[in-house]
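Chemist: Dropping a structure here in structure tokens format, bear with me for questions.
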Amino acid sequence: MSKRPLHEDPIKHIVWKGDRLQVLDQRLLPRTVKHVTCRTAADVAKATKDMVLRGAPLIGCAAAYGMALASRRNRLSDVVAAEPVLRRARPTAVNLMHALDHMLGVAKRTPEKNLGKAMAAAAVKYYEDDLGYNATMARLGAALLKKGSNVITHCNAGALATAGIGTAVGMIRAGWIAGKVAHVYPCETRPYLQGARLTLWELMEAGIPATLITDNMAAHLMKTRKIDAVIVGSDRIAANADVCNKIGTYGLAILAKHHGIPFYVVAPSTTVDLSTPHGDRIPIEERSVQEVVEIFGAKIAPKGAKAHHFGFDVTPHQLVTAIVTEKGVVSPANEANLRKVLSN
Ligand code: MRU
């Protein structure tokens, strides 16, 4: 297969229609391609909570559109009422809070009679900005890789999780086009299987050589095969550069350190939360236990089994080789360097 250019994004995962948002139902991928229609901010909040859409930057973009939907009657009070409904949808991905703060600011600065129009334009701009960040991060990130790298990635930090070509997967895709990436090993990412269902699908669609591994195979692979980098996204980066991402990321970072493998985090500045001093303060989403003891409705644990379902974990910044943002590369990953790059 020929290598498609970086700007090509065939995935219509959220489509703004002016009076509604069409959202690709990621819970059904890759087997079924079906869209859900969101007509209100509450619809967007529900789609976000239920994982119809997911991935930190995309959650932020959808929330921006949710605020635009709330503004259609040109009433600031509608927008103010919608904001906490959206904010409660998911607790960890700070892009959600960033988008809501931004959109609320736009609403408060705009004369009420122009609200609907201004909020729609602001939401479209928010989405397009994220698209641009993806392209920049892909370019900056790919430059860090050596030729012919075999890489591991986790969860889905691809086109499905952002407005553009993705964060971690964007870097991988740019690296592959430049001959820097030879092969990708996505971890399946229990319990939601974002790696198996979404990342592998994206990689295969792009024609990038990829082989699926279960989460517990990463250590063996690092020990027995040539793995040159681990590349992941993030849901929230604290001021000290600790990185919160999908559960299992912390373990991968420890393994990478042990095997002397660079560990890269790719995330836009909208994922950085300077108001949270360190990773231990990041709220970790705990989801339904049912999502762990069942797979697609089939029970895999004994009836009445207890289980944990932590959605995310925190990787201490000392384990991170570099954080790639659209404003530049933070390396070593620490507070001073993070603040310096963000001020660009
Ligand atoms: O629970 P999810 O699927 O929303 O979690 C997604 C992740 O953890 C991603 O790695 C992160 O949001 C970065 S997406 C560019």
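We name chains A, B, ... following the order of the structure tokens; residues begin at 1 in each chain, and ligands are numbered from 1 as shown.
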Using only C-alpha atoms, determine which residues lie at most 9 Å from A:Gly18, disregarding the query and same-chain residues fewer than 6 positions distant; provide the list as a ChimeraX atom specification.
Modeler: /A:68-69,120
Chemist: Give me a file of those residues, with N, CA, C and O atoms, as a PDB file, in the first residue's frame.
Modeler:
```pdb
ATOM      1  N   ALA A  68     -21.834  24.918  22.095  1.00  0.00           N
ATOM      2  CA  ALA A  68     -22.429  25.626  20.943  1.00  0.00           C
ATOM      3  C   ALA A  68     -23.903  25.227  20.802  1.00  0.00           C
ATOM      4  O   ALA A  68     -24.761  26.077  20.531  1.00  0.00           O
ATOM      5  N   LEU A  69     -24.209  23.951  21.013  1.00  0.00           N
ATOM      6  CA  LEU A  69     -25.614  23.510  20.938  1.00  0.00           C
ATOM      7  C   LEU A  69     -26.451  24.215  22.010  1.00  0.00           C
ATOM      8  O   LEU A  69     -27.592  24.615  21.767  1.00  0.00           O
ATOM      9  N   ALA A 120     -20.812  28.745  17.867  1.00  0.00           N
ATOM     10  CA  ALA A 120     -20.583  27.746  16.806  1.00  0.00           C
ATOM     11  C   ALA A 120     -19.218  27.990  16.161  1.00  0.00           C
ATOM     12  O   ALA A 120     -18.431  27.055  15.946  1.00  0.00           O
TER      13      ALA A 120
END
```
Chemist: Collect all residues with atoms no farther than 6 Å from ligand 1, counting only C-alpha atoms and all ligand atoms, and output them as a short mmCIF file (atom, residue, chain, number, x, y, z; two decimals) with N, CA, C and O atoms, in the first residue's frame.
Modeler:
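Wrote it out as result-v4.cif, contents follow:
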```
data_model
loop_
_atom_site.label_atom_id
_atom_site.label_comp_id
_atom_site.auth_asym_id
_atom_site.auth_seq_id
_atom_site.Cartn_x
_atom_site.Cartn_y
_atom_site.Cartn_z
N ARG A 54 -14.46 9.21 22.79
CA ARG A 54 -13.49 9.15 23.88
C ARG A 54 -12.16 9.68 23.36
O ARG A 54 -12.04 10.03 22.19
N GLY A 55 -11.15 9.70 24.26
CA GLY A 55 -9.86 10.28 23.90
C GLY A 55 -9.87 11.75 24.31
O GLY A 55 -10.79 12.50 23.94
N ALA A 56 -8.88 12.15 25.10
CA ALA A 56 -8.92 13.47 25.75
C ALA A 56 -9.18 14.65 24.78
O ALA A 56 -10.10 15.45 25.01
N PRO A 57 -8.39 14.79 23.70
CA PRO A 57 -8.65 15.96 22.83
C PRO A 57 -10.04 15.93 22.18
O PRO A 57 -10.69 16.96 22.06
N CYS A 155 -3.47 1.99 24.43
CA CYS A 155 -4.78 2.61 24.29
C CYS A 155 -4.97 3.11 22.85
O CYS A 155 -4.37 2.56 21.92
N ASN A 156 -5.78 4.13 22.66
CA ASN A 156 -5.89 4.74 21.34
C ASN A 156 -5.67 6.23 21.47
O ASN A 156 -6.49 6.94 22.06
N ALA A 157 -4.52 6.68 20.97
CA ALA A 157 -4.21 8.10 20.92
C ALA A 157 -4.04 8.46 19.45
O ALA A 157 -3.04 9.02 19.03
N GLY A 158 -5.04 8.07 18.68
CA GLY A 158 -4.99 8.25 17.24
C GLY A 158 -6.04 9.23 16.74
O GLY A 158 -6.56 10.06 17.49
N ALA A 161 -9.24 9.71 18.56
CA ALA A 161 -9.18 10.35 19.88
C ALA A 161 -8.95 11.86 19.79
O ALA A 161 -8.84 12.52 20.82
N THR A 162 -8.85 12.38 18.59
CA THR A 162 -8.49 13.80 18.38
C THR A 162 -9.26 14.35 17.17
O THR A 162 -10.03 13.62 16.54
N GLY A 166 -4.14 12.35 15.29
CA GLY A 166 -3.83 11.72 16.58
C GLY A 166 -2.57 12.31 17.20
O GLY A 166 -1.85 13.10 16.57
N THR A 167 -2.33 11.91 18.45
CA THR A 167 -1.13 12.37 19.15
C THR A 167 -0.04 11.30 19.00
O THR A 167 0.81 11.41 18.13
N GLY A 233 -0.21 8.66 24.48
CA GLY A 233 -0.85 9.96 24.64
C GLY A 233 -1.01 10.28 26.11
O GLY A 233 -0.39 9.66 26.97
N SER A 234 -1.86 11.25 26.41
CA SER A 234 -2.11 11.58 27.82
C SER A 234 -3.49 12.21 27.98
O SER A 234 -4.02 12.84 27.06
N ASP A 235 -4.04 12.04 29.17
CA ASP A 235 -5.32 12.67 29.53
C ASP A 235 -5.12 13.91 30.39
O ASP A 235 -6.00 14.78 30.46
N ASN A 245 -2.37 8.78 32.02
CA ASN A 245 -2.88 8.19 30.77
C ASN A 245 -3.59 6.88 31.09
O ASN A 245 -3.65 6.45 32.26
N LYS A 246 -4.09 6.23 30.09
CA LYS A 246 -4.87 4.99 30.23
C LYS A 246 -4.17 3.99 31.15
O LYS A 246 -2.95 3.84 31.10
#
```
Chemist: If you run DSSP on this backbone, which residues of stretch 25-227 of chain A come out as strand (DSSP E or B), and could you give them as a PDB file with N, CA and C atoms, in the first residue's frame?
Modeler:
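Output contents, as saved in result_30.pdb:
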```
ATOM      1  N   HIS A  35     -23.466   6.038  13.585  1.00  0.00           N
ATOM      2  CA  HIS A  35     -23.364   7.353  14.215  1.00  0.00           C
ATOM      3  C   HIS A  35     -24.523   7.605  15.172  1.00  0.00           C
ATOM      4  N   VAL A  36     -24.233   8.373  16.221  1.00  0.00           N
ATOM      5  CA  VAL A  36     -25.239   8.795  17.191  1.00  0.00           C
ATOM      6  C   VAL A  36     -25.433  10.295  16.971  1.00  0.00           C
ATOM      7  N   THR A  37     -26.676  10.772  17.020  1.00  0.00           N
ATOM      8  CA  THR A  37     -26.926  12.203  16.825  1.00  0.00           C
ATOM      9  C   THR A  37     -27.110  12.894  18.166  1.00  0.00           C
ATOM     10  N   CYS A  38     -26.331  13.944  18.403  1.00  0.00           N
ATOM     11  CA  CYS A  38     -26.454  14.746  19.630  1.00  0.00           C
ATOM     12  C   CYS A  38     -27.072  16.084  19.252  1.00  0.00           C
ATOM     13  N   SER A 149      12.523   2.119  13.519  1.00  0.00           N
ATOM     14  CA  SER A 149      12.164   1.783  14.909  1.00  0.00           C
ATOM     15  C   SER A 149      10.964   0.841  14.990  1.00  0.00           C
ATOM     16  N   ASN A 150      11.038  -0.058  15.973  1.00  0.00           N
ATOM     17  CA  ASN A 150       9.872  -0.852  16.366  1.00  0.00           C
ATOM     18  C   ASN A 150       9.316  -0.196  17.624  1.00  0.00           C
ATOM     19  N   VAL A 151       8.017   0.103  17.627  1.00  0.00           N
ATOM     20  CA  VAL A 151       7.472   0.862  18.751  1.00  0.00           C
ATOM     21  C   VAL A 151       6.257   0.172  19.360  1.00  0.00           C
ATOM     22  N   ILE A 152       6.092   0.424  20.658  1.00  0.00           N
ATOM     23  CA  ILE A 152       4.894  -0.035  21.378  1.00  0.00           C
ATOM     24  C   ILE A 152       4.035   1.186  21.647  1.00  0.00           C
ATOM     25  N   THR A 153       2.716   1.044  21.485  1.00  0.00           N
ATOM     26  CA  THR A 153       1.809   2.102  21.917  1.00  0.00           C
ATOM     27  C   THR A 153       0.696   1.487  22.752  1.00  0.00           C
ATOM     28  N   GLY A 158      -5.045   8.074  18.684  1.00  0.00           N
ATOM     29  CA  GLY A 158      -4.991   8.254  17.235  1.00  0.00           C
ATOM     30  C   GLY A 158      -6.036   9.230  16.741  1.00  0.00           C
ATOM     31  N   GLY A 166      -4.137  12.345  15.293  1.00  0.00           N
ATOM     32  CA  GLY A 166      -3.827  11.723  16.582  1.00  0.00           C
ATOM     33  C   GLY A 166      -2.574  12.314  17.198  1.00  0.00           C
ATOM     34  N   VAL A 181       9.665   4.604  11.481  1.00  0.00           N
ATOM     35  CA  VAL A 181       8.931   3.528  12.161  1.00  0.00           C
ATOM     36  C   VAL A 181       8.820   2.335  11.217  1.00  0.00           C
ATOM     37  N   ALA A 182       9.263   1.175  11.706  1.00  0.00           N
ATOM     38  CA  ALA A 182       9.190  -0.037  10.892  1.00  0.00           C
ATOM     39  C   ALA A 182       7.977  -0.877  11.277  1.00  0.00           C
ATOM     40  N   HIS A 183       7.718  -0.973  12.595  1.00  0.00           N
ATOM     41  CA  HIS A 183       6.643  -1.866  13.043  1.00  0.00           C
ATOM     42  C   HIS A 183       6.047  -1.341  14.346  1.00  0.00           C
ATOM     43  N   VAL A 184       4.741  -1.505  14.503  1.00  0.00           N
ATOM     44  CA  VAL A 184       4.041  -1.016  15.697  1.00  0.00           C
ATOM     45  C   VAL A 184       3.391  -2.184  16.430  1.00  0.00           C
ATOM     46  N   TYR A 185       3.548  -2.181  17.761  1.00  0.00           N
ATOM     47  CA  TYR A 185       2.886  -3.171  18.611  1.00  0.00           C
ATOM     48  C   TYR A 185       1.895  -2.432  19.517  1.00  0.00           C
ATOM     49  N   PRO A 186       0.619  -2.398  19.157  1.00  0.00           N
ATOM     50  CA  PRO A 186      -0.359  -1.792  20.075  1.00  0.00           C
ATOM     51  C   PRO A 186      -0.758  -2.797  21.150  1.00  0.00           C
ATOM     52  N   CYS A 187      -0.777  -2.350  22.417  1.00  0.00           N
ATOM     53  CA  CYS A 187      -1.283  -3.197  23.498  1.00  0.00           C
ATOM     54  C   CYS A 187      -2.805  -3.217  23.390  1.00  0.00           C
ATOM     55  N   ALA A 210       1.692  -3.610  11.723  1.00  0.00           N
ATOM     56  CA  ALA A 210       1.345  -3.635  13.143  1.00  0.00           C
ATOM     57  C   ALA A 210       0.991  -5.051  13.585  1.00  0.00           C
ATOM     58  N   ILE A 213      -0.551  -7.009  20.624  1.00  0.00           N
ATOM     59  CA  ILE A 213      -0.110  -7.796  21.792  1.00  0.00           C
ATOM     60  C   ILE A 213      -1.107  -7.572  22.935  1.00  0.00           C
TER      61      ILE A 213
END
```
Chemist: As a ChimeraX atom specification, please: every residue in stretch 131-323 of chain A that a backbone DSSP assignment puts in alpha helix (DSSP H).
Modeler: /A:131-142,168-177,194,200-206,218-224,249-259,290-293
Chemist: What is the distance, in Å and to one decimal place, between atom CA of A:Ala62 and atom CA of A:Glu188?
Modeler: 25.2 Å
Chemist: Kindly give the distance, in Å, that separates atom CA of A:Val324 and atom CA of A:Met137, rounded to a single decimal.
Modeler: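 Going from atom CA of A:Val324 over to atom CA of A:Met137 covers 6.2 Å.
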Chemist: Which distance in Å separates atom CA of A:Ala229 and atom CA of A:Ile261, to one decimal?
Modeler: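 These atoms are spaced 5.6 Å apart.
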Chemist: With distances taken over only C-alpha atoms, which of A:Leu319, A:Ala142, A:Val266, A:Leu198 is nearest to A:Arg31?
Modeler: A:Leu198
Chemist: Ranking A:Leu193, A:Ile231, A:Ala301, A:Ala322 by minimum distance to A:Gly175 and counting only C-alpha atoms, which one comes first?
Modeler: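 Nearest candidate to A:Gly175 out of A:Leu193, A:Ile231, A:Ala301, A:Ala322: A:Ile231.
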Chemist: If we count only C-alpha atoms, what is near A:Gly60 at a cut-off of 6 Å, once residues fewer than 6 positions away on the same chain are taken out, given as a VMD selection string?
Modeler: chain A and resid 95 to 96 99
Chemist: Restricted to all heavy atoms, what would the selected residues look like written as a CSV table (one decimal), in the first residue's frame?
Modeler:
```
chain,number,residue,atom,x,y,z
A,95,ASN,N,-8.7,18.1,29.0
A,95,ASN,CA,-9.1,18.8,27.8
A,95,ASN,C,-10.6,19.2,27.9
A,95,ASN,O,-11.0,20.2,27.3
A,95,ASN,CB,-8.9,17.9,26.6
A,95,ASN,CG,-7.5,17.4,26.5
A,95,ASN,OD1,-7.0,16.8,27.3
A,95,ASN,ND2,-6.8,17.8,25.4
A,96,LEU,N,-11.4,18.4,28.6
A,96,LEU,CA,-12.8,18.7,28.8
A,96,LEU,C,-12.9,20.0,29.5
A,96,LEU,O,-13.7,20.9,29.1
A,96,LEU,CB,-13.5,17.5,29.6
A,96,LEU,CG,-14.9,17.7,30.0
A,96,LEU,CD1,-15.8,17.9,28.8
A,96,LEU,CD2,-15.4,16.5,30.8
A,99,ALA,N,-11.7,23.0,27.4
A,99,ALA,CA,-12.7,23.4,26.4
A,99,ALA,C,-13.9,24.2,27.0
A,99,ALA,O,-14.3,25.2,26.4
A,99,ALA,CB,-13.2,22.2,25.6
```
Chemist: Considering only C-alpha atoms, can you say which of A:Lys12, A:Gly297, A:Ile227, A:Thr321 comes closest to A:Leu144?
Modeler: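 Between A:Lys12, A:Gly297, A:Ile227, A:Thr321, the residue approaching A:Leu144 most closely is A:Thr321.
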